[in-house]
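Undergrad: Below is the file start.tsv, which contains TSV, N, CA and C atoms.
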```tsv
chain	number	residue	atom	x	y	z
G	1	MET	N	-23.84	-48.89	-57.82
G	1	MET	CA	-24.90	-48.15	-58.48
G	1	MET	C	-25.56	-49.08	-59.49
G	2	LYS	N	-26.85	-49.05	-59.51
G	2	LYS	CA	-27.65	-49.88	-60.41
G	2	LYS	C	-27.92	-49.13	-61.72
G	3	PRO	N	-28.31	-49.85	-62.78
G	3	PRO	CA	-28.54	-49.21	-64.08
G	3	PRO	C	-29.53	-48.04	-64.05
G	4	ASP	N	-30.65	-48.21	-63.35
G	4	ASP	CA	-31.64	-47.13	-63.29
G	4	ASP	C	-31.07	-45.88	-62.62
G	5	ALA	N	-30.28	-46.07	-61.57
G	5	ALA	CA	-29.67	-44.94	-60.87
G	5	ALA	C	-28.62	-44.27	-61.74
G	6	LEU	N	-27.84	-45.05	-62.48
G	6	LEU	CA	-26.84	-44.49	-63.39
G	6	LEU	C	-27.52	-43.64	-64.45
G	7	LYS	N	-28.55	-44.18	-65.07
G	7	LYS	CA	-29.27	-43.45	-66.11
G	7	LYS	C	-29.88	-42.17	-65.54
G	8	ALA	N	-30.52	-42.27	-64.39
G	8	ALA	CA	-31.15	-41.10	-63.77
G	8	ALA	C	-30.12	-40.03	-63.42
G	9	THR	N	-28.97	-40.45	-62.90
G	9	THR	CA	-27.92	-39.49	-62.54
G	9	THR	C	-27.45	-38.73	-63.77
G	10	CYS	N	-27.25	-39.44	-64.87
G	10	CYS	CA	-26.83	-38.78	-66.11
G	10	CYS	C	-27.89	-37.84	-66.64
G	11	LEU	N	-29.13	-38.30	-66.66
G	11	LEU	CA	-30.20	-37.49	-67.24
G	11	LEU	C	-30.68	-36.36	-66.34
G	12	ASP	N	-30.31	-36.38	-65.07
G	12	ASP	CA	-30.66	-35.29	-64.16
G	12	ASP	C	-29.84	-34.03	-64.42
G	13	LEU	N	-28.77	-34.17	-65.16
G	13	LEU	CA	-27.93	-33.02	-65.47
G	13	LEU	C	-28.59	-32.19	-66.58
G	14	THR	N	-28.60	-30.89	-66.41
G	14	THR	CA	-29.29	-29.98	-67.32
G	14	THR	C	-28.84	-30.17	-68.76
G	15	GLY	N	-29.81	-30.39	-69.64
G	15	GLY	CA	-29.53	-30.53	-71.06
G	15	GLY	C	-29.06	-31.90	-71.49
G	16	ALA	N	-28.92	-32.84	-70.55
G	16	ALA	CA	-28.43	-34.17	-70.90
G	16	ALA	C	-29.50	-34.97	-71.63
G	17	VAL	N	-29.06	-35.72	-72.63
G	17	VAL	CA	-29.95	-36.60	-73.39
G	17	VAL	C	-29.29	-37.97	-73.54
G	18	GLU	N	-30.13	-38.98	-73.71
G	18	GLU	CA	-29.66	-40.33	-73.96
G	18	GLU	C	-29.84	-40.63	-75.44
G	19	THR	N	-28.77	-41.10	-76.08
G	19	THR	CA	-28.83	-41.47	-77.49
G	19	THR	C	-28.26	-42.87	-77.66
G	20	PHE	N	-28.43	-43.42	-78.87
G	20	PHE	CA	-27.95	-44.77	-79.17
G	20	PHE	C	-27.25	-44.78	-80.53
G	21	PRO	N	-26.16	-44.01	-80.68
G	21	PRO	CA	-25.52	-43.91	-82.00
G	21	PRO	C	-24.71	-45.14	-82.40
G	22	PHE	N	-24.34	-45.97	-81.45
G	22	PHE	CA	-23.47	-47.12	-81.76
G	22	PHE	C	-24.27	-48.41	-81.89
G	23	THR	N	-24.95	-48.80	-80.82
G	23	THR	CA	-25.80	-49.99	-80.84
G	23	THR	C	-27.02	-49.69	-79.97
G	24	ALA	N	-28.05	-50.50	-80.12
G	24	ALA	CA	-29.25	-50.33	-79.31
G	24	ALA	C	-28.99	-50.64	-77.85
G	25	GLU	N	-27.90	-51.32	-77.56
G	25	GLU	CA	-27.58	-51.71	-76.18
G	25	GLU	C	-26.71	-50.68	-75.45
G	26	THR	N	-26.09	-49.77	-76.19
G	26	THR	CA	-25.16	-48.83	-75.58
G	26	THR	C	-25.80	-47.45	-75.44
G	27	SER	N	-26.07	-47.07	-74.20
G	27	SER	CA	-26.60	-45.74	-73.91
G	27	SER	C	-25.45	-44.74	-73.95
G	28	VAL	N	-25.63	-43.69	-74.73
G	28	VAL	CA	-24.63	-42.63	-74.85
G	28	VAL	C	-25.29	-41.35	-74.35
G	29	PHE	N	-24.74	-40.80	-73.27
G	29	PHE	CA	-25.31	-39.60	-72.68
G	29	PHE	C	-24.52	-38.40	-73.17
G	30	LYS	N	-25.25	-37.40	-73.69
G	30	LYS	CA	-24.63	-36.24	-74.31
G	30	LYS	C	-25.20	-34.95	-73.73
G	31	VAL	N	-24.40	-33.91	-73.84
G	31	VAL	CA	-24.85	-32.55	-73.58
G	31	VAL	C	-24.27	-31.69	-74.69
G	32	GLY	N	-25.09	-30.85	-75.28
G	32	GLY	CA	-24.61	-30.02	-76.39
G	32	GLY	C	-24.09	-30.83	-77.55
G	33	GLY	N	-24.61	-32.05	-77.72
G	33	GLY	CA	-24.19	-32.91	-78.82
G	33	GLY	C	-22.87	-33.64	-78.58
G	34	LYS	N	-22.29	-33.49	-77.39
G	34	LYS	CA	-21.00	-34.10	-77.06
G	34	LYS	C	-21.18	-35.16	-75.97
G	35	ILE	N	-20.46	-36.25	-76.08
G	35	ILE	CA	-20.57	-37.38	-75.14
G	35	ILE	C	-19.89	-37.06	-73.82
G	36	PHE	N	-20.60	-37.36	-72.71
G	36	PHE	CA	-19.96	-37.29	-71.40
G	36	PHE	C	-20.02	-38.63	-70.65
G	37	ALA	N	-20.85	-39.58	-71.11
G	37	ALA	CA	-20.91	-40.89	-70.47
G	37	ALA	C	-21.42	-41.93	-71.47
G	38	LEU	N	-20.90	-43.17	-71.34
G	38	LEU	CA	-21.34	-44.29	-72.17
G	38	LEU	C	-21.48	-45.51	-71.28
G	39	SER	N	-22.57	-46.27	-71.50
G	39	SER	CA	-22.75	-47.49	-70.73
G	39	SER	C	-23.70	-48.44	-71.45
G	40	ALA	N	-23.38	-49.71	-71.38
G	40	ALA	CA	-24.32	-50.75	-71.78
G	40	ALA	C	-25.09	-51.09	-70.50
G	41	LEU	N	-26.24	-50.48	-70.32
G	41	LEU	CA	-26.98	-50.55	-69.06
G	41	LEU	C	-27.42	-51.97	-68.70
G	42	ASP	N	-27.50	-52.85	-69.69
G	42	ASP	CA	-27.91	-54.24	-69.42
G	42	ASP	C	-26.72	-55.17	-69.15
G	43	SER	N	-25.51	-54.62	-69.18
G	43	SER	CA	-24.33	-55.48	-69.03
G	43	SER	C	-24.15	-55.92	-67.58
G	44	ASP	N	-23.53	-57.06	-67.43
G	44	ASP	CA	-23.22	-57.60	-66.10
G	44	ASP	C	-21.80	-58.14	-66.15
G	45	PRO	N	-20.85	-57.48	-65.50
G	45	PRO	CA	-21.05	-56.38	-64.58
G	45	PRO	C	-21.27	-55.05	-65.31
G	46	LEU	N	-21.96	-54.14	-64.63
G	46	LEU	CA	-22.25	-52.82	-65.17
G	46	LEU	C	-21.01	-51.94	-65.08
G	47	SER	N	-20.78	-51.15	-66.11
G	47	SER	CA	-19.69	-50.18	-66.08
G	47	SER	C	-20.13	-48.94	-66.84
G	48	VAL	N	-19.41	-47.84	-66.62
G	48	VAL	CA	-19.68	-46.60	-67.34
G	48	VAL	C	-18.34	-45.98	-67.69
G	49	SER	N	-18.24	-45.41	-68.89
G	49	SER	CA	-17.04	-44.70	-69.30
G	49	SER	C	-17.31	-43.21	-69.19
G	50	LEU	N	-16.36	-42.49	-68.56
G	50	LEU	CA	-16.53	-41.07	-68.26
G	50	LEU	C	-15.27	-40.29	-68.63
G	51	LYS	N	-15.48	-39.10	-69.14
G	51	LYS	CA	-14.36	-38.22	-69.44
G	51	LYS	C	-13.77	-37.74	-68.11
G	52	CYS	N	-12.45	-37.52	-68.10
G	52	CYS	CA	-11.80	-37.14	-66.86
G	52	CYS	C	-10.54	-36.34	-67.16
G	53	ASP	N	-10.22	-35.38	-66.31
G	53	ASP	CA	-8.95	-34.67	-66.40
G	53	ASP	C	-7.84	-35.72	-66.32
G	54	PRO	N	-6.84	-35.66	-67.20
G	54	PRO	CA	-5.82	-36.71	-67.25
G	54	PRO	C	-5.10	-36.97	-65.92
G	55	GLU	N	-4.76	-35.94	-65.18
G	55	GLU	CA	-4.06	-36.15	-63.90
G	55	GLU	C	-4.97	-36.82	-62.88
G	56	ILE	N	-6.21	-36.38	-62.83
G	56	ILE	CA	-7.17	-36.98	-61.90
G	56	ILE	C	-7.47	-38.42	-62.32
G	57	ALA	N	-7.54	-38.66	-63.63
G	57	ALA	CA	-7.79	-40.01	-64.13
G	57	ALA	C	-6.75	-40.98	-63.59
G	58	LEU	N	-5.49	-40.58	-63.64
G	58	LEU	CA	-4.42	-41.44	-63.12
G	58	LEU	C	-4.54	-41.67	-61.62
G	59	GLN	N	-4.88	-40.62	-60.87
G	59	GLN	CA	-5.06	-40.75	-59.43
G	59	GLN	C	-6.19	-41.72	-59.09
G	60	LEU	N	-7.30	-41.60	-59.82
G	60	LEU	CA	-8.44	-42.49	-59.58
G	60	LEU	C	-8.09	-43.94	-59.90
G	61	ARG	N	-7.35	-44.16	-60.98
G	61	ARG	CA	-6.95	-45.51	-61.36
G	61	ARG	C	-6.03	-46.13	-60.31
G	62	THR	N	-5.17	-45.32	-59.74
G	62	THR	CA	-4.25	-45.80	-58.70
G	62	THR	C	-5.01	-46.13	-57.42
G	63	ALA	N	-6.01	-45.33	-57.10
G	63	ALA	CA	-6.73	-45.49	-55.83
G	63	ALA	C	-7.81	-46.58	-55.88
G	64	HIS	N	-8.31	-46.91	-57.08
G	64	HIS	CA	-9.45	-47.84	-57.18
G	64	HIS	C	-9.20	-48.86	-58.28
G	65	ARG	N	-9.18	-50.13	-57.92
G	65	ARG	CA	-8.99	-51.19	-58.93
G	65	ARG	C	-10.12	-51.22	-59.95
G	66	GLY	N	-11.30	-50.75	-59.56
G	66	GLY	CA	-12.45	-50.77	-60.46
G	66	GLY	C	-12.48	-49.63	-61.46
G	67	ILE	N	-11.46	-48.78	-61.45
G	67	ILE	CA	-11.37	-47.67	-62.41
G	67	ILE	C	-10.15	-47.93	-63.29
G	68	THR	N	-10.41	-48.07	-64.59
G	68	THR	CA	-9.35	-48.41	-65.55
G	68	THR	C	-9.38	-47.43	-66.72
G	69	PRO	N	-8.33	-47.41	-67.54
G	69	PRO	CA	-8.35	-46.54	-68.73
G	69	PRO	C	-9.57	-46.85	-69.59
G	70	GLY	N	-10.13	-45.83	-70.21
G	70	GLY	CA	-11.34	-45.96	-71.02
G	70	GLY	C	-11.23	-47.05	-72.07
G	71	TRP	N	-12.21	-47.92	-72.08
G	71	TRP	CA	-12.24	-49.03	-73.03
G	71	TRP	C	-12.68	-48.50	-74.39
G	72	HIS	N	-11.88	-48.68	-75.41
G	72	HIS	CA	-12.14	-48.20	-76.78
G	72	HIS	C	-12.25	-46.68	-76.85
G	73	LEU	N	-11.58	-45.99	-75.92
G	73	LEU	CA	-11.61	-44.53	-75.89
G	73	LEU	C	-10.18	-44.02	-75.68
G	74	ASN	N	-10.00	-42.71	-75.79
G	74	ASN	CA	-8.70	-42.11	-75.52
G	74	ASN	C	-8.38	-42.34	-74.05
G	75	LYS	N	-7.42	-43.19	-73.79
G	75	LYS	CA	-7.12	-43.63	-72.43
G	75	LYS	C	-6.54	-42.52	-71.56
G	76	ARG	N	-6.07	-41.47	-72.15
G	76	ARG	CA	-5.58	-40.32	-71.38
G	76	ARG	C	-6.74	-39.53	-70.78
G	77	HIS	N	-7.86	-39.44	-71.50
G	77	HIS	CA	-8.97	-38.57	-71.11
G	77	HIS	C	-10.22	-39.30	-70.63
G	78	TRP	N	-10.24	-40.62	-70.71
G	78	TRP	CA	-11.45	-41.36	-70.35
G	78	TRP	C	-11.11	-42.50	-69.38
G	79	ASN	N	-11.98	-42.69	-68.41
G	79	ASN	CA	-11.91	-43.83	-67.49
G	79	ASN	C	-13.14	-44.70	-67.67
G	80	THR	N	-12.98	-46.00	-67.50
G	80	THR	CA	-14.11	-46.91	-67.40
G	80	THR	C	-14.21	-47.32	-65.94
G	81	VAL	N	-15.41	-47.15	-65.40
G	81	VAL	CA	-15.66	-47.37	-63.97
G	81	VAL	C	-16.56	-48.59	-63.81
G	82	LEU	N	-16.05	-49.61	-63.13
G	82	LEU	CA	-16.81	-50.82	-62.84
G	82	LEU	C	-17.76	-50.51	-61.68
G	83	LEU	N	-19.05	-50.72	-61.90
G	83	LEU	CA	-20.06	-50.39	-60.89
G	83	LEU	C	-20.48	-51.66	-60.15
G	84	ASP	N	-19.53	-52.19	-59.40
G	84	ASP	CA	-19.76	-53.45	-58.66
G	84	ASP	C	-19.80	-53.23	-57.16
G	85	ASP	N	-20.10	-52.02	-56.73
G	85	ASP	CA	-20.16	-51.61	-55.33
G	85	ASP	C	-18.79	-51.43	-54.70
G	86	SER	N	-17.70	-51.60	-55.46
G	86	SER	CA	-16.37	-51.32	-54.91
G	86	SER	C	-16.08	-49.81	-54.95
G	87	ILE	N	-16.81	-49.09	-55.79
G	87	ILE	CA	-16.68	-47.64	-55.89
G	87	ILE	C	-17.93	-47.03	-55.26
G	88	PRO	N	-17.79	-46.17	-54.25
G	88	PRO	CA	-18.96	-45.57	-53.61
G	88	PRO	C	-19.82	-44.78	-54.61
G	89	ASP	N	-21.13	-44.88	-54.46
G	89	ASP	CA	-22.05	-44.19	-55.37
G	89	ASP	C	-21.79	-42.68	-55.41
G	90	ASP	N	-21.43	-42.10	-54.27
G	90	ASP	CA	-21.15	-40.66	-54.24
G	90	ASP	C	-19.97	-40.31	-55.15
G	91	LEU	N	-18.95	-41.16	-55.16
G	91	LEU	CA	-17.80	-40.92	-56.03
G	91	LEU	C	-18.20	-41.09	-57.50
G	92	VAL	N	-19.05	-42.07	-57.79
G	92	VAL	CA	-19.52	-42.26	-59.17
G	92	VAL	C	-20.29	-41.02	-59.62
G	93	ARG	N	-21.18	-40.52	-58.76
G	93	ARG	CA	-21.94	-39.30	-59.11
G	93	ARG	C	-21.00	-38.13	-59.36
G	94	GLU	N	-19.99	-37.99	-58.51
G	94	GLU	CA	-19.02	-36.90	-58.67
G	94	GLU	C	-18.27	-37.03	-60.00
G	95	MET	N	-17.89	-38.24	-60.36
G	95	MET	CA	-17.18	-38.45	-61.63
G	95	MET	C	-18.09	-38.14	-62.82
G	96	ILE	N	-19.37	-38.49	-62.72
G	96	ILE	CA	-20.33	-38.18	-63.79
G	96	ILE	C	-20.46	-36.66	-63.94
G	97	GLU	N	-20.61	-35.96	-62.81
G	97	GLU	CA	-20.73	-34.50	-62.85
G	97	GLU	C	-19.45	-33.86	-63.39
G	98	ASP	N	-18.30	-34.38	-63.02
G	98	ASP	CA	-17.04	-33.84	-63.53
G	98	ASP	C	-16.93	-34.05	-65.04
G	99	SER	N	-17.35	-35.22	-65.52
G	99	SER	CA	-17.32	-35.50	-66.95
G	99	SER	C	-18.22	-34.52	-67.70
G	100	TYR	N	-19.42	-34.33	-67.18
G	100	TYR	CA	-20.38	-33.37	-67.74
G	100	TYR	C	-19.77	-31.97	-67.78
G	101	ASP	N	-19.16	-31.54	-66.67
G	101	ASP	CA	-18.56	-30.21	-66.59
G	101	ASP	C	-17.42	-30.03	-67.60
G	102	LEU	N	-16.61	-31.07	-67.79
G	102	LEU	CA	-15.54	-30.98	-68.78
G	102	LEU	C	-16.10	-30.74	-70.18
G	103	ILE	N	-17.21	-31.39	-70.49
G	103	ILE	CA	-17.82	-31.21	-71.81
G	103	ILE	C	-18.45	-29.82	-71.93
G	104	VAL	N	-19.23	-29.42	-70.93
G	104	VAL	CA	-19.90	-28.12	-70.99
G	104	VAL	C	-18.89	-26.98	-71.04
G	105	ALA	N	-17.76	-27.13	-70.37
G	105	ALA	CA	-16.73	-26.09	-70.37
G	105	ALA	C	-16.21	-25.80	-71.78
G	106	LYS	N	-16.31	-26.76	-72.68
G	106	LYS	CA	-15.83	-26.60	-74.05
G	106	LYS	C	-16.92	-26.13	-75.01
G	107	LEU	N	-18.17	-26.07	-74.54
G	107	LEU	CA	-19.26	-25.61	-75.40
G	107	LEU	C	-19.19	-24.09	-75.56
G	108	PRO	N	-19.79	-23.56	-76.62
G	108	PRO	CA	-19.84	-22.11	-76.77
G	108	PRO	C	-20.55	-21.46	-75.58
G	109	ARG	N	-20.13	-20.25	-75.25
G	109	ARG	CA	-20.67	-19.54	-74.09
G	109	ARG	C	-22.20	-19.45	-74.14
G	110	ALA	N	-22.76	-19.23	-75.31
G	110	ALA	CA	-24.21	-19.12	-75.44
G	110	ALA	C	-24.90	-20.41	-74.98
G	111	GLU	N	-24.32	-21.57	-75.34
G	111	GLU	CA	-24.89	-22.85	-74.90
G	111	GLU	C	-24.73	-23.03	-73.40
G	112	GLN	N	-23.58	-22.60	-72.87
G	112	GLN	CA	-23.37	-22.68	-71.42
G	112	GLN	C	-24.42	-21.86	-70.68
G	113	LEU	N	-24.72	-20.69	-71.19
G	113	LEU	CA	-25.73	-19.83	-70.56
G	113	LEU	C	-27.11	-20.48	-70.62
G	114	LEU	N	-27.45	-21.10	-71.75
G	114	LEU	CA	-28.74	-21.79	-71.88
G	114	LEU	C	-28.87	-22.93	-70.88
G	115	LEU	N	-27.74	-23.55	-70.55
G	115	LEU	CA	-27.73	-24.66	-69.59
G	115	LEU	C	-27.68	-24.16	-68.14
G	116	SER	N	-27.56	-22.82	-67.98
G	116	SER	CA	-27.40	-22.23	-66.64
G	116	SER	C	-26.24	-22.88	-65.90
G	117	TRP	N	-25.16	-23.14	-66.63
G	117	TRP	CA	-23.99	-23.82	-66.07
G	117	TRP	C	-23.25	-22.87	-65.13
G	118	PRO	N	-23.01	-23.28	-63.89
G	118	PRO	CA	-22.32	-22.40	-62.92
G	118	PRO	C	-20.93	-21.98	-63.37
G	119	GLY	N	-20.26	-22.79	-64.15
G	119	GLY	CA	-18.91	-22.46	-64.61
G	119	GLY	C	-18.85	-21.20	-65.44
G	120	VAL	N	-19.89	-20.88	-66.19
G	120	VAL	CA	-19.89	-19.67	-67.00
G	120	VAL	C	-19.96	-18.44	-66.10
G	121	ARG	N	-20.65	-18.53	-64.99
G	121	ARG	CA	-20.70	-17.40	-64.04
G	121	ARG	C	-19.34	-17.19	-63.40
G	122	ARG	N	-18.66	-18.29	-63.05
G	122	ARG	CA	-17.32	-18.17	-62.45
G	122	ARG	C	-16.36	-17.49	-63.43
G	123	ALA	N	-16.45	-17.86	-64.70
G	123	ALA	CA	-15.58	-17.25	-65.71
G	123	ALA	C	-15.91	-15.78	-65.87
G	124	ASP	N	-17.20	-15.42	-65.83
G	124	ASP	CA	-17.60	-14.01	-65.92
G	124	ASP	C	-17.07	-13.23	-64.73
G	125	GLU	N	-17.12	-13.83	-63.56
G	125	GLU	CA	-16.64	-13.14	-62.36
G	125	GLU	C	-15.14	-12.94	-62.42
G	126	ARG	N	-14.39	-13.91	-62.92
G	126	ARG	CA	-12.94	-13.76	-63.06
G	126	ARG	C	-12.63	-12.64	-64.04
G	127	GLY	N	-13.38	-12.57	-65.12
G	127	GLY	CA	-13.18	-11.52	-66.11
G	127	GLY	C	-13.45	-10.13	-65.54
G	128	ALA	N	-14.47	-10.01	-64.70
G	128	ALA	CA	-14.80	-8.74	-64.07
G	128	ALA	C	-13.69	-8.32	-63.12
G	129	ASP	N	-13.09	-9.28	-62.43
G	129	ASP	CA	-12.00	-8.96	-61.50
G	129	ASP	C	-10.77	-8.44	-62.23
G	130	GLU	N	-10.59	-8.88	-63.45
G	130	GLU	CA	-9.41	-8.47	-64.23
G	130	GLU	C	-9.57	-7.11	-64.86
G	131	ARG	N	-10.80	-6.58	-64.90
G	131	ARG	CA	-11.04	-5.28	-65.55
G	131	ARG	C	-10.65	-4.15	-64.67
```
Could you write out this file's structure as structure tokens?

TA:
Amino acid sequence: MKPDALKATCLDLTGAVETFPFTAETSVFKVGGKIFALSALDSDPLSVSLKCDPEIALQLRTAHRGITPGWHLNKRHWNTVLLDDSIPDDLVREMIEDSYDLIVAKLPRAEQLLLSWPGVRRADERGADER
């Protein structure tokens, strides 16, 4: 995945914004004010750090040499993904979406509704089944 595609994939997610709170070179993608992806888009090789469920994070690291514990992040919850074509673009997109979903799942319900996040509908449906 190339830098433009990485940036577009992150920003295509509803409510996602690009910020630069650390350095002018580090793109930080947020939703609801919370980080779901970080990348120095001009770096060579290109990489992106993404939030991940801890069990899945370990599985991904075992399956792909280009996926390592998050650099300068909580290594239990974050992976750094080397974008050198060893990881299929579809898998990178899926990891970005999963990272976004993990963040949105923790936002207040009102924010989830504003984002039209499908997860809030699933939670509503589970609640209706329990009534």

Undergrad: Could you jot down the atom N of Ile56 (chain G) to CA of Thr80 (chain G) separation for me, Å, one decimal place?

TA: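 These two atoms are separated by 13.9 Å.
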
Undergrad: If we count only C-alpha atoms and set the cut-off at 8 Å, which residues sit around Ser99 (chain G), ignoring sequence neighbours fewer than 5 positions away in its own chain? Please answer as a list in words.

TA: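 The filter keeps Phe36, Ala37, Leu50, Lys51 and Cys52 of chain G.
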
Undergrad: Give as an MDAnalysis selection string the set of residues within 12 Å of the point (-26.0, -35.7, -77.5), where distances use the file's coordinates and only C-alpha atoms.

TA: chainID G and resid 10:11 15:21 27:38 100 103:104

Undergrad: What is the distance between atom C of Ser43 (chain G) and atom C of Leu102 (chain G), in Å to one decimal?

TA: 26.6 Å

Undergrad: Applying 12 Å and only C-alpha atoms, which residues near Val81 (chain G) remain after dropping the ones on its own chain fewer than 5 positions away? List them as a PyMOL selection string.

TA: chain G and resi 1+6+37-39+45-52+57+60-61+64-71+86-89+91-93+95-96

Undergrad: Which of these residues is nearest to Lys75 (chain G), using only N, CA and C atoms: G:Ala63, G:Lys7, G:Pro54, G:Thr26?

TA: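 Residue with the minimum atom-to-atom distance to Lys75 (chain G): G:Pro54.
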
Undergrad: If I take CA of Trp78 (chain G) and CA of Gln59 (chain G), how far is one from the other in Å, to one decimal?

TA: 12.7 Å

Undergrad: Using the chain letters and numbers from this document, which residues of region 8-120 of chain G does DSSP assign to strand (DSSP E), as a list in words?

TA: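 These are the residues in question: Val17, Glu18, Thr19, Ser27, Val28, Phe29, Lys30, Val31, Lys34, Ile35, Phe36, Ala37, Leu38, Ser39, Ser47, Val48, Ser49, Leu50, Lys51, Ile67, Thr68, Pro69, Trp78, Asn79, Thr80, Val81 and Leu82 of chain G.
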
Undergrad: Could you please take those selected residues and save N, CA and C atoms as a PDB file, keeping the file's coordinate frame?

TA:
```pdb
ATOM      1  N   VAL G  17     -29.060 -35.720 -72.630  1.00  0.00           N
ATOM      2  CA  VAL G  17     -29.950 -36.600 -73.390  1.00  0.00           C
ATOM      3  C   VAL G  17     -29.290 -37.970 -73.540  1.00  0.00           C
ATOM      4  N   GLU G  18     -30.130 -38.980 -73.710  1.00  0.00           N
ATOM      5  CA  GLU G  18     -29.660 -40.330 -73.960  1.00  0.00           C
ATOM      6  C   GLU G  18     -29.840 -40.630 -75.440  1.00  0.00           C
ATOM      7  N   THR G  19     -28.770 -41.100 -76.080  1.00  0.00           N
ATOM      8  CA  THR G  19     -28.830 -41.470 -77.490  1.00  0.00           C
ATOM      9  C   THR G  19     -28.260 -42.870 -77.660  1.00  0.00           C
ATOM     10  N   SER G  27     -26.070 -47.070 -74.200  1.00  0.00           N
ATOM     11  CA  SER G  27     -26.600 -45.740 -73.910  1.00  0.00           C
ATOM     12  C   SER G  27     -25.450 -44.740 -73.950  1.00  0.00           C
ATOM     13  N   VAL G  28     -25.630 -43.690 -74.730  1.00  0.00           N
ATOM     14  CA  VAL G  28     -24.630 -42.630 -74.850  1.00  0.00           C
ATOM     15  C   VAL G  28     -25.290 -41.350 -74.350  1.00  0.00           C
ATOM     16  N   PHE G  29     -24.740 -40.800 -73.270  1.00  0.00           N
ATOM     17  CA  PHE G  29     -25.310 -39.600 -72.680  1.00  0.00           C
ATOM     18  C   PHE G  29     -24.520 -38.400 -73.170  1.00  0.00           C
ATOM     19  N   LYS G  30     -25.250 -37.400 -73.690  1.00  0.00           N
ATOM     20  CA  LYS G  30     -24.630 -36.240 -74.310  1.00  0.00           C
ATOM     21  C   LYS G  30     -25.200 -34.950 -73.730  1.00  0.00           C
ATOM     22  N   VAL G  31     -24.400 -33.910 -73.840  1.00  0.00           N
ATOM     23  CA  VAL G  31     -24.850 -32.550 -73.580  1.00  0.00           C
ATOM     24  C   VAL G  31     -24.270 -31.690 -74.690  1.00  0.00           C
ATOM     25  N   LYS G  34     -22.290 -33.490 -77.390  1.00  0.00           N
ATOM     26  CA  LYS G  34     -21.000 -34.100 -77.060  1.00  0.00           C
ATOM     27  C   LYS G  34     -21.180 -35.160 -75.970  1.00  0.00           C
ATOM     28  N   ILE G  35     -20.460 -36.250 -76.080  1.00  0.00           N
ATOM     29  CA  ILE G  35     -20.570 -37.380 -75.140  1.00  0.00           C
ATOM     30  C   ILE G  35     -19.890 -37.060 -73.820  1.00  0.00           C
ATOM     31  N   PHE G  36     -20.600 -37.360 -72.710  1.00  0.00           N
ATOM     32  CA  PHE G  36     -19.960 -37.290 -71.400  1.00  0.00           C
ATOM     33  C   PHE G  36     -20.020 -38.630 -70.650  1.00  0.00           C
ATOM     34  N   ALA G  37     -20.850 -39.580 -71.110  1.00  0.00           N
ATOM     35  CA  ALA G  37     -20.910 -40.890 -70.470  1.00  0.00           C
ATOM     36  C   ALA G  37     -21.420 -41.930 -71.470  1.00  0.00           C
ATOM     37  N   LEU G  38     -20.900 -43.170 -71.340  1.00  0.00           N
ATOM     38  CA  LEU G  38     -21.340 -44.290 -72.170  1.00  0.00           C
ATOM     39  C   LEU G  38     -21.480 -45.510 -71.280  1.00  0.00           C
ATOM     40  N   SER G  39     -22.570 -46.270 -71.500  1.00  0.00           N
ATOM     41  CA  SER G  39     -22.750 -47.490 -70.730  1.00  0.00           C
ATOM     42  C   SER G  39     -23.700 -48.440 -71.450  1.00  0.00           C
ATOM     43  N   SER G  47     -20.780 -51.150 -66.110  1.00  0.00           N
ATOM     44  CA  SER G  47     -19.690 -50.180 -66.080  1.00  0.00           C
ATOM     45  C   SER G  47     -20.130 -48.940 -66.840  1.00  0.00           C
ATOM     46  N   VAL G  48     -19.410 -47.840 -66.620  1.00  0.00           N
ATOM     47  CA  VAL G  48     -19.680 -46.600 -67.340  1.00  0.00           C
ATOM     48  C   VAL G  48     -18.340 -45.980 -67.690  1.00  0.00           C
ATOM     49  N   SER G  49     -18.240 -45.410 -68.890  1.00  0.00           N
ATOM     50  CA  SER G  49     -17.040 -44.700 -69.300  1.00  0.00           C
ATOM     51  C   SER G  49     -17.310 -43.210 -69.190  1.00  0.00           C
ATOM     52  N   LEU G  50     -16.360 -42.490 -68.560  1.00  0.00           N
ATOM     53  CA  LEU G  50     -16.530 -41.070 -68.260  1.00  0.00           C
ATOM     54  C   LEU G  50     -15.270 -40.290 -68.630  1.00  0.00           C
ATOM     55  N   LYS G  51     -15.480 -39.100 -69.140  1.00  0.00           N
ATOM     56  CA  LYS G  51     -14.360 -38.220 -69.440  1.00  0.00           C
ATOM     57  C   LYS G  51     -13.770 -37.740 -68.110  1.00  0.00           C
ATOM     58  N   ILE G  67     -11.460 -48.780 -61.450  1.00  0.00           N
ATOM     59  CA  ILE G  67     -11.370 -47.670 -62.410  1.00  0.00           C
ATOM     60  C   ILE G  67     -10.150 -47.930 -63.290  1.00  0.00           C
ATOM     61  N   THR G  68     -10.410 -48.070 -64.590  1.00  0.00           N
ATOM     62  CA  THR G  68      -9.350 -48.410 -65.550  1.00  0.00           C
ATOM     63  C   THR G  68      -9.380 -47.430 -66.720  1.00  0.00           C
ATOM     64  N   PRO G  69      -8.330 -47.410 -67.540  1.00  0.00           N
ATOM     65  CA  PRO G  69      -8.350 -46.540 -68.730  1.00  0.00           C
ATOM     66  C   PRO G  69      -9.570 -46.850 -69.590  1.00  0.00           C
ATOM     67  N   TRP G  78     -10.240 -40.620 -70.710  1.00  0.00           N
ATOM     68  CA  TRP G  78     -11.450 -41.360 -70.350  1.00  0.00           C
ATOM     69  C   TRP G  78     -11.110 -42.500 -69.380  1.00  0.00           C
ATOM     70  N   ASN G  79     -11.980 -42.690 -68.410  1.00  0.00           N
ATOM     71  CA  ASN G  79     -11.910 -43.830 -67.490  1.00  0.00           C
ATOM     72  C   ASN G  79     -13.140 -44.700 -67.670  1.00  0.00           C
ATOM     73  N   THR G  80     -12.980 -46.000 -67.500  1.00  0.00           N
ATOM     74  CA  THR G  80     -14.110 -46.910 -67.400  1.00  0.00           C
ATOM     75  C   THR G  80     -14.210 -47.320 -65.940  1.00  0.00           C
ATOM     76  N   VAL G  81     -15.410 -47.150 -65.400  1.00  0.00           N
ATOM     77  CA  VAL G  81     -15.660 -47.370 -63.970  1.00  0.00           C
ATOM     78  C   VAL G  81     -16.560 -48.590 -63.810  1.00  0.00           C
ATOM     79  N   LEU G  82     -16.050 -49.610 -63.130  1.00  0.00           N
ATOM     80  CA  LEU G  82     -16.810 -50.820 -62.840  1.00  0.00           C
ATOM     81  C   LEU G  82     -17.760 -50.510 -61.680  1.00  0.00           C
TER      82      LEU G  82
END
```
